[in-house]
Amino acid sequence: MKAAVVQKPQSEIVIEDRPVPQPKSGEVLIAVHACGVCHSDLNVLLGLFPFARYPMVPGHEVAGVVEKVGPGVTWPKVGDRVGMTWLFSSCGHCKMCVQGDEVLCPFMEVTGVTKDGGYQEYMVAPAAYVAPIPDGLDFAEAGPLMCAGLTTFNGLRNAGFRVGQKVAVIGLGGLGHLGVLYARAMGARVAVISNTPDKEAEARDLGAEHFINTQSQKAGDALKEWDGGADIILATAPSTEAATDAFPGLASDGTLVLLGIGAGDIKASPMDLVGGRRHLMGSPSGSRKDIRATLDFSAHNQVLPHITKFPLQDASKALELMHTGMLRDRAVLVLR
Ligand SMILES: [Zn+2]
Ligand SMILES: [Zn+2]
């Protein structure tokens, strides 16, 4: 089979011929149909994750079909449509695992970072950690829901979103466009904050009522003028400056939830935090209960990612286009 491999940090992706891996006890073999391309894949390539292992097959937005099951596996069955997220496995017995928050497990393994992921024709996964893909979602659309969808959907839930609130989404990339769609589908009023003025039309097409161009306006000031500020700011761009600039635009009791890891620190004034009882939090991906909720909500409300398809051989090109901001949509590798 073909696999796209990162041999070592700060190297290129190389397409290799590898034997098809075999599922051991408790594992399944997934025939990968599609795998979304995430900024975190770029971090594997650039060597920015100290916990990454090499050589590594990136990819944690996996959608495919169970090809084979290992000994002792009773679910899923051969032929089932399944996906894999960032969470490859967890210890199962720490405090976070037993309370169903296994994405916070200190012993978790990460798909495409510490265990080979979806940039290959077949991958092995622990049976207990695959997510069933609902009927009506095709593979290329299901892929990006495994990370970009899960992270934004779950970020809104973790920030305590309630129907009718105002949500400001920073950035309109792979995560941001899904953030707008989820917030709208959940009953929010939505603003988009972007440093790219020509994204306004797209933001409005997706359902945003307000567009803040940070080249001409300060995000915090502009948000305050939006009926008193945002109840939730969904920071999808990996920019700590953008989050810092937007934070003062939160309404009282509002929450800024950071979804991407960028360089630098976020600053918030104690007056804004204490005086307005505002909240600053982060939210990583999600656990198994969360991906099931994400997929179910997406299928029933037709919240689908905007995608551009690439063959596996063009994995490098897709990453490069994402890196340089040339891609408007989520890149998805389509393998079958
Ligand atoms: Zn990701
Ligand atoms: Zn654990």
# chains A, B, ... in the order shown; residues from 1 in each chain; ligands from 1
call {"tool": "closest_atom_pairs", "arguments": {"of": "chain A", "to": "ligand 1", "cutoff": "12 Å", "atoms": "only C-alpha atoms and all ligand atoms", "output": "tab-separated table"}}
result
residue	atom	partner	partner_atom_place_in_ligand_line	distance
A:Cys35	CA	ligand 1	1 (Zn)	10.8
A:Gly36	CA	ligand 1	1 (Zn)	8.4
A:Val37	CA	ligand 1	1 (Zn)	7.6
A:Cys38	CA	ligand 1	1 (Zn)	4.6
A:His39	CA	ligand 1	1 (Zn)	6.3
A:Ser40	CA	ligand 1	1 (Zn)	5.3
A:Asp41	CA	ligand 1	1 (Zn)	7.2
A:Leu42	CA	ligand 1	1 (Zn)	9.8
A:Asn43	CA	ligand 1	1 (Zn)	10.1
A:Val44	CA	ligand 1	1 (Zn)	11.1
A:Pro58	CA	ligand 1	1 (Zn)	10.2
A:Gly59	CA	ligand 1	1 (Zn)	8.0
A:His60	CA	ligand 1	1 (Zn)	6.2
A:Glu61	CA	ligand 1	1 (Zn)	6.9
A:Val62	CA	ligand 1	1 (Zn)	10.5
A:Met84	CA	ligand 1	1 (Zn)	11.1
A:Thr85	CA	ligand 1	1 (Zn)	8.1
A:Trp86	CA	ligand 1	1 (Zn)	6.6
A:Leu87	CA	ligand 1	1 (Zn)	10.3
A:Val110	CA	ligand 1	1 (Zn)	10.4
A:Thr111	CA	ligand 1	1 (Zn)	9.6
A:Gly112	CA	ligand 1	1 (Zn)	9.6
A:Val113	CA	ligand 1	1 (Zn)	10.5
A:Gly117	CA	ligand 1	1 (Zn)	11.5
A:Gly118	CA	ligand 1	1 (Zn)	11.9
A:Gly143	CA	ligand 1	1 (Zn)	10.5
A:Pro144	CA	ligand 1	1 (Zn)	8.4
A:Leu145	CA	ligand 1	1 (Zn)	9.7
A:Met146	CA	ligand 1	1 (Zn)	7.9
A:Cys147	CA	ligand 1	1 (Zn)	4.6
A:Ala148	CA	ligand 1	1 (Zn)	6.1
A:Gly149	CA	ligand 1	1 (Zn)	9.4
A:Leu150	CA	ligand 1	1 (Zn)	9.2
A:Thr151	CA	ligand 1	1 (Zn)	8.1
A:Thr152	CA	ligand 1	1 (Zn)	10.8
A:Gly174	CA	ligand 1	1 (Zn)	9.6
A:Leu175	CA	ligand 1	1 (Zn)	9.1
A:Thr236	CA	ligand 1	1 (Zn)	11.5
A:Pro238	CA	ligand 1	1 (Zn)	12.0
A:Leu259	CA	ligand 1	1 (Zn)	10.1
A:Gly260	CA	ligand 1	1 (Zn)	9.1
A:Ile261	CA	ligand 1	1 (Zn)	10.9
A:Pro284	CA	ligand 1	1 (Zn)	9.4
A:Ser285	CA	ligand 1	1 (Zn)	7.6
A:Gly286	CA	ligand 1	1 (Zn)	10.8
A:Arg330	CA	ligand 1	1 (Zn)	11.0
A:Ala331	CA	ligand 1	1 (Zn)	11.8
call {"tool": "write_last_selection", "arguments": {"atoms": "C-alpha atoms", "output": "PDB file, in the first residue's frame"}}
result
ATOM      1  CA  CYS A  35      -8.280  12.079   5.447  1.00  0.00           C
ATOM      2  CA  GLY A  36      -8.556  15.800   6.131  1.00  0.00           C
ATOM      3  CA  VAL A  37      -5.437  17.968   6.301  1.00  0.00           C
ATOM      4  CA  CYS A  38      -5.079  19.859   9.586  1.00  0.00           C
ATOM      5  CA  HIS A  39      -2.625  22.525  10.783  1.00  0.00           C
ATOM      6  CA  SER A  40      -1.421  20.013  13.371  1.00  0.00           C
ATOM      7  CA  ASP A  41      -0.152  17.808  10.518  1.00  0.00           C
ATOM      8  CA  LEU A  42       2.095  20.694   9.559  1.00  0.00           C
ATOM      9  CA  ASN A  43       3.393  20.776  13.141  1.00  0.00           C
ATOM     10  CA  VAL A  44       4.451  17.132  12.768  1.00  0.00           C
ATOM     11  CA  PRO A  58       0.270  12.090   9.767  1.00  0.00           C
ATOM     12  CA  GLY A  59      -3.496  12.524   9.620  1.00  0.00           C
ATOM     13  CA  HIS A  60      -6.188  12.574  12.309  1.00  0.00           C
ATOM     14  CA  GLU A  61      -9.274  13.387  10.233  1.00  0.00           C
ATOM     15  CA  VAL A  62      -9.775   9.835   9.065  1.00  0.00           C
ATOM     16  CA  MET A  84     -10.665   8.334  13.766  1.00  0.00           C
ATOM     17  CA  THR A  85      -9.990  11.604  15.599  1.00  0.00           C
ATOM     18  CA  TRP A  86      -6.943  13.132  17.332  1.00  0.00           C
ATOM     19  CA  LEU A  87      -7.582  10.755  20.264  1.00  0.00           C
ATOM     20  CA  VAL A 110      -2.418  10.832  19.339  1.00  0.00           C
ATOM     21  CA  THR A 111      -3.452   9.770  15.844  1.00  0.00           C
ATOM     22  CA  GLY A 112      -0.893  10.807  13.262  1.00  0.00           C
ATOM     23  CA  VAL A 113       1.477  12.178  15.933  1.00  0.00           C
ATOM     24  CA  GLY A 117      -2.611   8.139  11.085  1.00  0.00           C
ATOM     25  CA  GLY A 118      -4.681   8.461   7.938  1.00  0.00           C
ATOM     26  CA  GLY A 143     -13.059  13.509   7.404  1.00  0.00           C
ATOM     27  CA  PRO A 144     -12.785  17.181   8.446  1.00  0.00           C
ATOM     28  CA  LEU A 145     -15.557  16.707  11.018  1.00  0.00           C
ATOM     29  CA  MET A 146     -13.170  14.432  12.957  1.00  0.00           C
ATOM     30  CA  CYS A 147     -10.950  17.353  13.980  1.00  0.00           C
ATOM     31  CA  ALA A 148     -12.095  20.720  12.581  1.00  0.00           C
ATOM     32  CA  GLY A 149     -15.764  19.865  13.193  1.00  0.00           C
ATOM     33  CA  LEU A 150     -15.267  18.225  16.582  1.00  0.00           C
ATOM     34  CA  THR A 151     -13.041  21.039  17.850  1.00  0.00           C
ATOM     35  CA  THR A 152     -15.447  23.855  16.925  1.00  0.00           C
ATOM     36  CA  GLY A 174     -10.833  25.115   8.128  1.00  0.00           C
ATOM     37  CA  LEU A 175     -12.118  25.507  11.689  1.00  0.00           C
ATOM     38  CA  THR A 236     -10.022  29.394  15.613  1.00  0.00           C
ATOM     39  CA  PRO A 238      -3.662  30.101  15.715  1.00  0.00           C
ATOM     40  CA  LEU A 259      -9.014  26.290  19.868  1.00  0.00           C
ATOM     41  CA  GLY A 260      -5.614  26.587  18.173  1.00  0.00           C
ATOM     42  CA  ILE A 261      -2.120  26.671  19.628  1.00  0.00           C
ATOM     43  CA  PRO A 284      -8.869  20.653  22.697  1.00  0.00           C
ATOM     44  CA  SER A 285     -10.562  18.367  20.169  1.00  0.00           C
ATOM     45  CA  GLY A 286     -12.905  16.063  22.125  1.00  0.00           C
ATOM     46  CA  ARG A 330     -10.367  22.332   4.119  1.00  0.00           C
ATOM     47  CA  ALA A 331      -7.988  20.136   2.136  1.00  0.00           C
TER      48      ALA A 331
END
call {"tool": "residues_around", "arguments": {"residues": "Ala188 (chain A)", "least_positions_apart": "6", "cutoff": "12 Å", "atoms": "only C-alpha atoms", "output": "PyMOL selection string"}}
result
chain A and resi 156+161-169+179-182+207-209+230-233
call {"tool": "residues_around", "arguments": {"residues": "region 67-71 of chain A", "least_positions_apart": "6", "cutoff": "8 Å", "atoms": "only C-alpha atoms", "output": "list in words"}}
result
Gln22, Pro23, Lys24, Ser25, Gly26, Glu27, Val28, Leu29, Ile30, Ala31, Lys77, Val78 and Gly79 of chain A
call {"tool": "write_last_selection", "arguments": {"atoms": "N, CA, C and O atoms", "output": "PDB file, in the first residue's frame"}}
result
ATOM      1  N   GLN A  22      -1.381  -5.325  10.011  1.00  0.00           N
ATOM      2  CA  GLN A  22      -2.383  -6.313  10.439  1.00  0.00           C
ATOM      3  C   GLN A  22      -2.898  -5.955  11.832  1.00  0.00           C
ATOM      4  O   GLN A  22      -2.107  -5.610  12.710  1.00  0.00           O
ATOM      5  N   PRO A  23      -4.218  -6.020  12.035  1.00  0.00           N
ATOM      6  CA  PRO A  23      -4.768  -5.667  13.349  1.00  0.00           C
ATOM      7  C   PRO A  23      -4.471  -6.753  14.385  1.00  0.00           C
ATOM      8  O   PRO A  23      -4.677  -7.932  14.120  1.00  0.00           O
ATOM      9  N   LYS A  24      -3.963  -6.309  15.542  1.00  0.00           N
ATOM     10  CA  LYS A  24      -3.739  -7.244  16.644  1.00  0.00           C
ATOM     11  C   LYS A  24      -5.001  -7.304  17.501  1.00  0.00           C
ATOM     12  O   LYS A  24      -6.018  -6.707  17.183  1.00  0.00           O
ATOM     13  N   SER A  25      -4.878  -8.007  18.622  1.00  0.00           N
ATOM     14  CA  SER A  25      -6.002  -8.147  19.551  1.00  0.00           C
ATOM     15  C   SER A  25      -6.562  -6.768  19.916  1.00  0.00           C
ATOM     16  O   SER A  25      -5.797  -5.878  20.303  1.00  0.00           O
ATOM     17  N   GLY A  26      -7.883  -6.612  19.778  1.00  0.00           N
ATOM     18  CA  GLY A  26      -8.519  -5.348  20.155  1.00  0.00           C
ATOM     19  C   GLY A  26      -8.404  -4.249  19.111  1.00  0.00           C
ATOM     20  O   GLY A  26      -8.862  -3.134  19.337  1.00  0.00           O
ATOM     21  N   GLU A  27      -7.814  -4.554  17.962  1.00  0.00           N
ATOM     22  CA  GLU A  27      -7.622  -3.533  16.926  1.00  0.00           C
ATOM     23  C   GLU A  27      -8.449  -3.841  15.676  1.00  0.00           C
ATOM     24  O   GLU A  27      -8.851  -4.990  15.458  1.00  0.00           O
ATOM     25  N   VAL A  28      -8.643  -2.800  14.875  1.00  0.00           N
ATOM     26  CA  VAL A  28      -9.274  -2.990  13.568  1.00  0.00           C
ATOM     27  C   VAL A  28      -8.353  -2.406  12.494  1.00  0.00           C
ATOM     28  O   VAL A  28      -7.535  -1.526  12.763  1.00  0.00           O
ATOM     29  N   LEU A  29      -8.504  -2.910  11.276  1.00  0.00           N
ATOM     30  CA  LEU A  29      -7.822  -2.336  10.118  1.00  0.00           C
ATOM     31  C   LEU A  29      -8.861  -1.519   9.351  1.00  0.00           C
ATOM     32  O   LEU A  29      -9.931  -2.032   8.989  1.00  0.00           O
ATOM     33  N   ILE A  30      -8.536  -0.251   9.134  1.00  0.00           N
ATOM     34  CA  ILE A  30      -9.448   0.639   8.404  1.00  0.00           C
ATOM     35  C   ILE A  30      -8.905   0.870   6.996  1.00  0.00           C
ATOM     36  O   ILE A  30      -7.732   1.239   6.835  1.00  0.00           O
ATOM     37  N   ALA A  31      -9.750   0.620   5.982  1.00  0.00           N
ATOM     38  CA  ALA A  31      -9.419   1.044   4.617  1.00  0.00           C
ATOM     39  C   ALA A  31      -9.760   2.530   4.541  1.00  0.00           C
ATOM     40  O   ALA A  31     -10.940   2.901   4.592  1.00  0.00           O
ATOM     41  N   LYS A  77     -17.900  -3.988  13.089  1.00  0.00           N
ATOM     42  CA  LYS A  77     -17.880  -5.141  12.184  1.00  0.00           C
ATOM     43  C   LYS A  77     -17.186  -4.774  10.862  1.00  0.00           C
ATOM     44  O   LYS A  77     -17.163  -3.585  10.489  1.00  0.00           O
ATOM     45  N   VAL A  78     -16.707  -5.786  10.183  1.00  0.00           N
ATOM     46  CA  VAL A  78     -16.167  -5.581   8.832  1.00  0.00           C
ATOM     47  C   VAL A  78     -17.247  -4.917   7.971  1.00  0.00           C
ATOM     48  O   VAL A  78     -18.405  -5.330   8.005  1.00  0.00           O
ATOM     49  N   GLY A  79     -16.869  -3.864   7.264  1.00  0.00           N
ATOM     50  CA  GLY A  79     -17.820  -3.146   6.397  1.00  0.00           C
ATOM     51  C   GLY A  79     -18.419  -1.907   7.044  1.00  0.00           C
ATOM     52  O   GLY A  79     -19.023  -1.089   6.348  1.00  0.00           O
TER      53      GLY A  79
END
call {"tool": "residues_near_ligand", "arguments": {"ligand": "ligand 2", "cutoff": "7 Å", "atoms": "only C-alpha atoms and all ligand atoms", "output": "list in words"}}
result
Ser90, Cys91, Gly92, His93, Cys94, Lys95, Met96, Cys97, Glu102, Cys105, Pro106, Phe107 and Met108 of chain A
call {"tool": "select_by_dssp", "arguments": {"residues": "region 111-240 of chain A", "states": "strand (DSSP E)", "output": "list in words"}}
result
Tyr122, Met123, Val124, Ala125, Pro126, Ala131, Pro132, Lys166, Val167, Ala168, Val169, Ile170, Arg189, Val190, Ala191, Val192, Ile193, Ser194, His210, Phe211, Ile212, Asn213, Ala230, Asp231, Ile232, Ile233, Leu234 and Ala235 of chain A
call {"tool": "residues_around", "arguments": {"residues": "Glu12 (chain A)", "least_positions_apart": "2", "cutoff": "8 Å", "atoms": "only C-alpha atoms", "output": "PyMOL selection string"}}
result
chain A and resi 6-7+10+14+45+316
call {"tool": "write_last_selection", "arguments": {"atoms": "N, CA and C atoms", "output": "JSON list (two decimals), in the first residue's frame"}}
result
[["chain", "number", "residue", "atom", "x", "y", "z"],
["A", 6, "VAL", "N", 6.42, 11.14, 7.20],
["A", 6, "VAL", "CA", 7.38, 12.16, 7.62],
["A", 6, "VAL", "C", 8.50, 11.42, 8.35],
["A", 7, "GLN", "N", 9.69, 11.41, 7.75],
["A", 7, "GLN", "CA", 10.79, 10.61, 8.30],
["A", 7, "GLN", "C", 11.34, 11.19, 9.59],
["A", 10, "GLN", "N", 11.26, 18.51, 10.48],
["A", 10, "GLN", "CA", 11.75, 19.45, 9.47],
["A", 10, "GLN", "C", 12.23, 18.74, 8.20],
["A", 14, "VAL", "N", 7.28, 11.91, 2.24],
["A", 14, "VAL", "CA", 7.71, 10.98, 1.20],
["A", 14, "VAL", "C", 6.64, 9.90, 1.05],
["A", 45, "LEU", "N", 5.30, 17.84, 10.63],
["A", 45, "LEU", "CA", 6.31, 18.04, 9.59],
["A", 45, "LEU", "C", 7.41, 19.01, 10.06],
["A", 316, "SER", "N", 1.92, 16.73, 0.18],
["A", 316, "SER", "CA", 2.84, 17.86, 0.40],
["A", 316, "SER", "C", 2.27, 19.16, -0.13]]
call {"tool": "residues_around", "arguments": {"residues": "Phe247 (chain A)", "least_positions_apart": "6", "cutoff": "7 Å", "atoms": "only C-alpha atoms", "output": "PyMOL selection string"}}
result
chain A and resi 220+256+268
call {"tool": "closest_residue", "arguments": {"among": "A:Val124, A:Ile307, A:Leu48, A:Ala242", "to": "Val20 (chain A)", "atoms": "only C-alpha atoms"}}
result
A:Val124
call {"tool": "residues_around", "arguments": {"residues": "region 297-304 of chain A", "least_positions_apart": "2", "cutoff": "8 Å", "atoms": "only C-alpha atoms", "output": "PyMOL selection string"}}
result
chain A and resi 134-137+141-142+145+178+181-182+185+293-295+306
call {"tool": "closest_residue", "arguments": {"among": "A:Met281, A:Ala52, A:Val65, A:Leu223", "to": "Glu109 (chain A)", "atoms": "only C-alpha atoms"}}
result
A:Ala52
call {"tool": "atom_distance", "arguments": {"atom1": "CA of Glu202 (chain A)", "atom2": "CA of Asp290 (chain A)"}}
result
27.7 Å
call {"tool": "atom_distance", "arguments": {"atom1": "CA of Thr114 (chain A)", "atom2": "CA of Met326 (chain A)"}}
result
28.4 Å
call {"tool": "closest_residue", "arguments": {"among": "A:Ala251, A:Val73, A:Val190, A:Ile170", "to": "Asp205 (chain A)", "atoms": "only C-alpha atoms"}}
result
A:Val190
call {"tool": "closest_residue", "arguments": {"among": "A:Phe211, A:Phe153, A:Phe49, A:Tyr129", "to": "Arg189 (chain A)", "atoms": "only C-alpha atoms"}}
result
A:Phe211
call {"tool": "select_by_dssp", "arguments": {"residues": "region 273-306 of chain A", "states": "helix (DSSP H, G or I)", "output": "number ranges by chain"}}
result
A: 273-275, 288-301
call {"tool": "atom_distance", "arguments": {"atom1": "CA of Pro76 (chain A)", "atom2": "CA of Tyr119 (chain A)"}}
result
21.6 Å
call {"tool": "decode", "arguments": {"residues": "region 252-278 of chain A", "atoms": "N, CA, C and O atoms", "output": "PDB file, in the first residue's frame"}}
result
ATOM      1  N   SER A 252     -20.197  41.096  29.325  1.00  0.00           N
ATOM      2  CA  SER A 252     -20.014  40.625  30.695  1.00  0.00           C
ATOM      3  C   SER A 252     -20.440  39.171  30.776  1.00  0.00           C
ATOM      4  O   SER A 252     -21.418  38.755  30.147  1.00  0.00           O
ATOM      5  N   ASP A 253     -19.699  38.401  31.554  1.00  0.00           N
ATOM      6  CA  ASP A 253     -19.930  36.955  31.731  1.00  0.00           C
ATOM      7  C   ASP A 253     -19.621  36.162  30.453  1.00  0.00           C
ATOM      8  O   ASP A 253     -19.966  34.986  30.360  1.00  0.00           O
ATOM      9  N   GLY A 254     -18.987  36.822  29.489  1.00  0.00           N
ATOM     10  CA  GLY A 254     -18.668  36.140  28.237  1.00  0.00           C
ATOM     11  C   GLY A 254     -17.403  35.298  28.358  1.00  0.00           C
ATOM     12  O   GLY A 254     -16.621  35.426  29.304  1.00  0.00           O
ATOM     13  N   THR A 255     -17.201  34.437  27.356  1.00  0.00           N
ATOM     14  CA  THR A 255     -16.076  33.495  27.369  1.00  0.00           C
ATOM     15  C   THR A 255     -15.332  33.519  26.047  1.00  0.00           C
ATOM     16  O   THR A 255     -15.957  33.392  24.984  1.00  0.00           O
ATOM     17  N   LEU A 256     -14.021  33.671  26.121  1.00  0.00           N
ATOM     18  CA  LEU A 256     -13.201  33.459  24.932  1.00  0.00           C
ATOM     19  C   LEU A 256     -12.643  32.046  25.014  1.00  0.00           C
ATOM     20  O   LEU A 256     -12.018  31.686  26.010  1.00  0.00           O
ATOM     21  N   VAL A 257     -12.904  31.259  23.987  1.00  0.00           N
ATOM     22  CA  VAL A 257     -12.399  29.885  23.975  1.00  0.00           C
ATOM     23  C   VAL A 257     -11.396  29.731  22.841  1.00  0.00           C
ATOM     24  O   VAL A 257     -11.688  29.976  21.674  1.00  0.00           O
ATOM     25  N   LEU A 258     -10.187  29.352  23.231  1.00  0.00           N
ATOM     26  CA  LEU A 258      -9.077  29.237  22.292  1.00  0.00           C
ATOM     27  C   LEU A 258      -9.012  27.805  21.782  1.00  0.00           C
ATOM     28  O   LEU A 258      -8.970  26.849  22.571  1.00  0.00           O
ATOM     29  N   LEU A 259      -8.979  27.642  20.445  1.00  0.00           N
ATOM     30  CA  LEU A 259      -9.014  26.290  19.868  1.00  0.00           C
ATOM     31  C   LEU A 259      -7.701  25.899  19.195  1.00  0.00           C
ATOM     32  O   LEU A 259      -7.467  24.719  18.957  1.00  0.00           O
ATOM     33  N   GLY A 260      -6.865  26.894  18.868  1.00  0.00           N
ATOM     34  CA  GLY A 260      -5.614  26.587  18.173  1.00  0.00           C
ATOM     35  C   GLY A 260      -4.420  27.039  18.983  1.00  0.00           C
ATOM     36  O   GLY A 260      -4.522  28.004  19.747  1.00  0.00           O
ATOM     37  N   ILE A 261      -3.309  26.337  18.842  1.00  0.00           N
ATOM     38  CA  ILE A 261      -2.120  26.671  19.628  1.00  0.00           C
ATOM     39  C   ILE A 261      -1.155  27.468  18.757  1.00  0.00           C
ATOM     40  O   ILE A 261      -0.552  26.942  17.829  1.00  0.00           O
ATOM     41  N   GLY A 262      -1.041  28.758  19.065  1.00  0.00           N
ATOM     42  CA  GLY A 262      -0.108  29.618  18.350  1.00  0.00           C
ATOM     43  C   GLY A 262       1.041  30.012  19.276  1.00  0.00           C
ATOM     44  O   GLY A 262       1.029  29.696  20.457  1.00  0.00           O
ATOM     45  N   ALA A 263       2.007  30.710  18.691  1.00  0.00           N
ATOM     46  CA  ALA A 263       3.157  31.142  19.497  1.00  0.00           C
ATOM     47  C   ALA A 263       2.786  32.363  20.333  1.00  0.00           C
ATOM     48  O   ALA A 263       1.870  33.098  20.003  1.00  0.00           O
ATOM     49  N   GLY A 264       3.496  32.567  21.440  1.00  0.00           N
ATOM     50  CA  GLY A 264       3.276  33.745  22.277  1.00  0.00           C
ATOM     51  C   GLY A 264       2.235  33.505  23.344  1.00  0.00           C
ATOM     52  O   GLY A 264       1.746  32.389  23.525  1.00  0.00           O
ATOM     53  N   ASP A 265       1.878  34.584  24.047  1.00  0.00           N
ATOM     54  CA  ASP A 265       0.915  34.489  25.153  1.00  0.00           C
ATOM     55  C   ASP A 265      -0.291  35.365  24.869  1.00  0.00           C
ATOM     56  O   ASP A 265      -0.207  36.329  24.114  1.00  0.00           O
ATOM     57  N   ILE A 266      -1.394  35.037  25.534  1.00  0.00           N
ATOM     58  CA  ILE A 266      -2.587  35.880  25.453  1.00  0.00           C
ATOM     59  C   ILE A 266      -2.598  36.792  26.664  1.00  0.00           C
ATOM     60  O   ILE A 266      -2.304  36.353  27.770  1.00  0.00           O
ATOM     61  N   LYS A 267      -2.910  38.077  26.431  1.00  0.00           N
ATOM     62  CA  LYS A 267      -2.984  39.027  27.545  1.00  0.00           C
ATOM     63  C   LYS A 267      -4.438  39.434  27.760  1.00  0.00           C
ATOM     64  O   LYS A 267      -5.170  39.667  26.802  1.00  0.00           O
ATOM     65  N   ALA A 268      -4.836  39.525  29.021  1.00  0.00           N
ATOM     66  CA  ALA A 268      -6.164  40.024  29.353  1.00  0.00           C
ATOM     67  C   ALA A 268      -6.023  40.903  30.583  1.00  0.00           C
ATOM     68  O   ALA A 268      -5.294  40.543  31.510  1.00  0.00           O
ATOM     69  N   SER A 269      -6.709  42.034  30.585  1.00  0.00           N
ATOM     70  CA  SER A 269      -6.560  42.928  31.737  1.00  0.00           C
ATOM     71  C   SER A 269      -7.382  42.369  32.897  1.00  0.00           C
ATOM     72  O   SER A 269      -8.488  41.860  32.714  1.00  0.00           O
ATOM     73  N   PRO A 270      -6.847  42.494  34.135  1.00  0.00           N
ATOM     74  CA  PRO A 270      -7.604  42.043  35.311  1.00  0.00           C
ATOM     75  C   PRO A 270      -8.948  42.755  35.421  1.00  0.00           C
ATOM     76  O   PRO A 270      -9.932  42.158  35.873  1.00  0.00           O
ATOM     77  N   MET A 271      -8.999  44.016  34.999  1.00  0.00           N
ATOM     78  CA  MET A 271     -10.264  44.765  35.064  1.00  0.00           C
ATOM     79  C   MET A 271     -11.320  44.104  34.181  1.00  0.00           C
ATOM     80  O   MET A 271     -12.452  43.902  34.591  1.00  0.00           O
ATOM     81  N   ASP A 272     -10.916  43.751  32.934  1.00  0.00           N
ATOM     82  CA  ASP A 272     -11.866  43.081  32.035  1.00  0.00           C
ATOM     83  C   ASP A 272     -12.297  41.730  32.611  1.00  0.00           C
ATOM     84  O   ASP A 272     -13.470  41.359  32.555  1.00  0.00           O
ATOM     85  N   LEU A 273     -11.321  40.996  33.157  1.00  0.00           N
ATOM     86  CA  LEU A 273     -11.620  39.651  33.672  1.00  0.00           C
ATOM     87  C   LEU A 273     -12.520  39.716  34.899  1.00  0.00           C
ATOM     88  O   LEU A 273     -13.578  39.082  34.946  1.00  0.00           O
ATOM     89  N   VAL A 274     -12.097  40.492  35.889  1.00  0.00           N
ATOM     90  CA  VAL A 274     -12.805  40.499  37.173  1.00  0.00           C
ATOM     91  C   VAL A 274     -14.074  41.347  37.084  1.00  0.00           C
ATOM     92  O   VAL A 274     -15.170  40.890  37.431  1.00  0.00           O
ATOM     93  N   GLY A 275     -13.893  42.594  36.594  1.00  0.00           N
ATOM     94  CA  GLY A 275     -15.022  43.519  36.568  1.00  0.00           C
ATOM     95  C   GLY A 275     -16.183  42.982  35.754  1.00  0.00           C
ATOM     96  O   GLY A 275     -17.343  43.131  36.138  1.00  0.00           O
ATOM     97  N   GLY A 276     -15.886  42.350  34.653  1.00  0.00           N
ATOM     98  CA  GLY A 276     -16.962  41.840  33.801  1.00  0.00           C
ATOM     99  C   GLY A 276     -17.212  40.347  33.994  1.00  0.00           C
ATOM    100  O   GLY A 276     -17.995  39.754  33.245  1.00  0.00           O
ATOM    101  N   ARG A 277     -16.572  39.766  34.976  1.00  0.00           N
ATOM    102  CA  ARG A 277     -16.672  38.308  35.238  1.00  0.00           C
ATOM    103  C   ARG A 277     -16.530  37.524  33.922  1.00  0.00           C
ATOM    104  O   ARG A 277     -17.332  36.679  33.569  1.00  0.00           O
ATOM    105  N   ARG A 278     -15.466  37.889  33.197  1.00  0.00           N
ATOM    106  CA  ARG A 278     -15.254  37.230  31.902  1.00  0.00           C
ATOM    107  C   ARG A 278     -14.371  35.999  32.076  1.00  0.00           C
ATOM    108  O   ARG A 278     -13.693  35.845  33.093  1.00  0.00           O
TER     109      ARG A 278
END
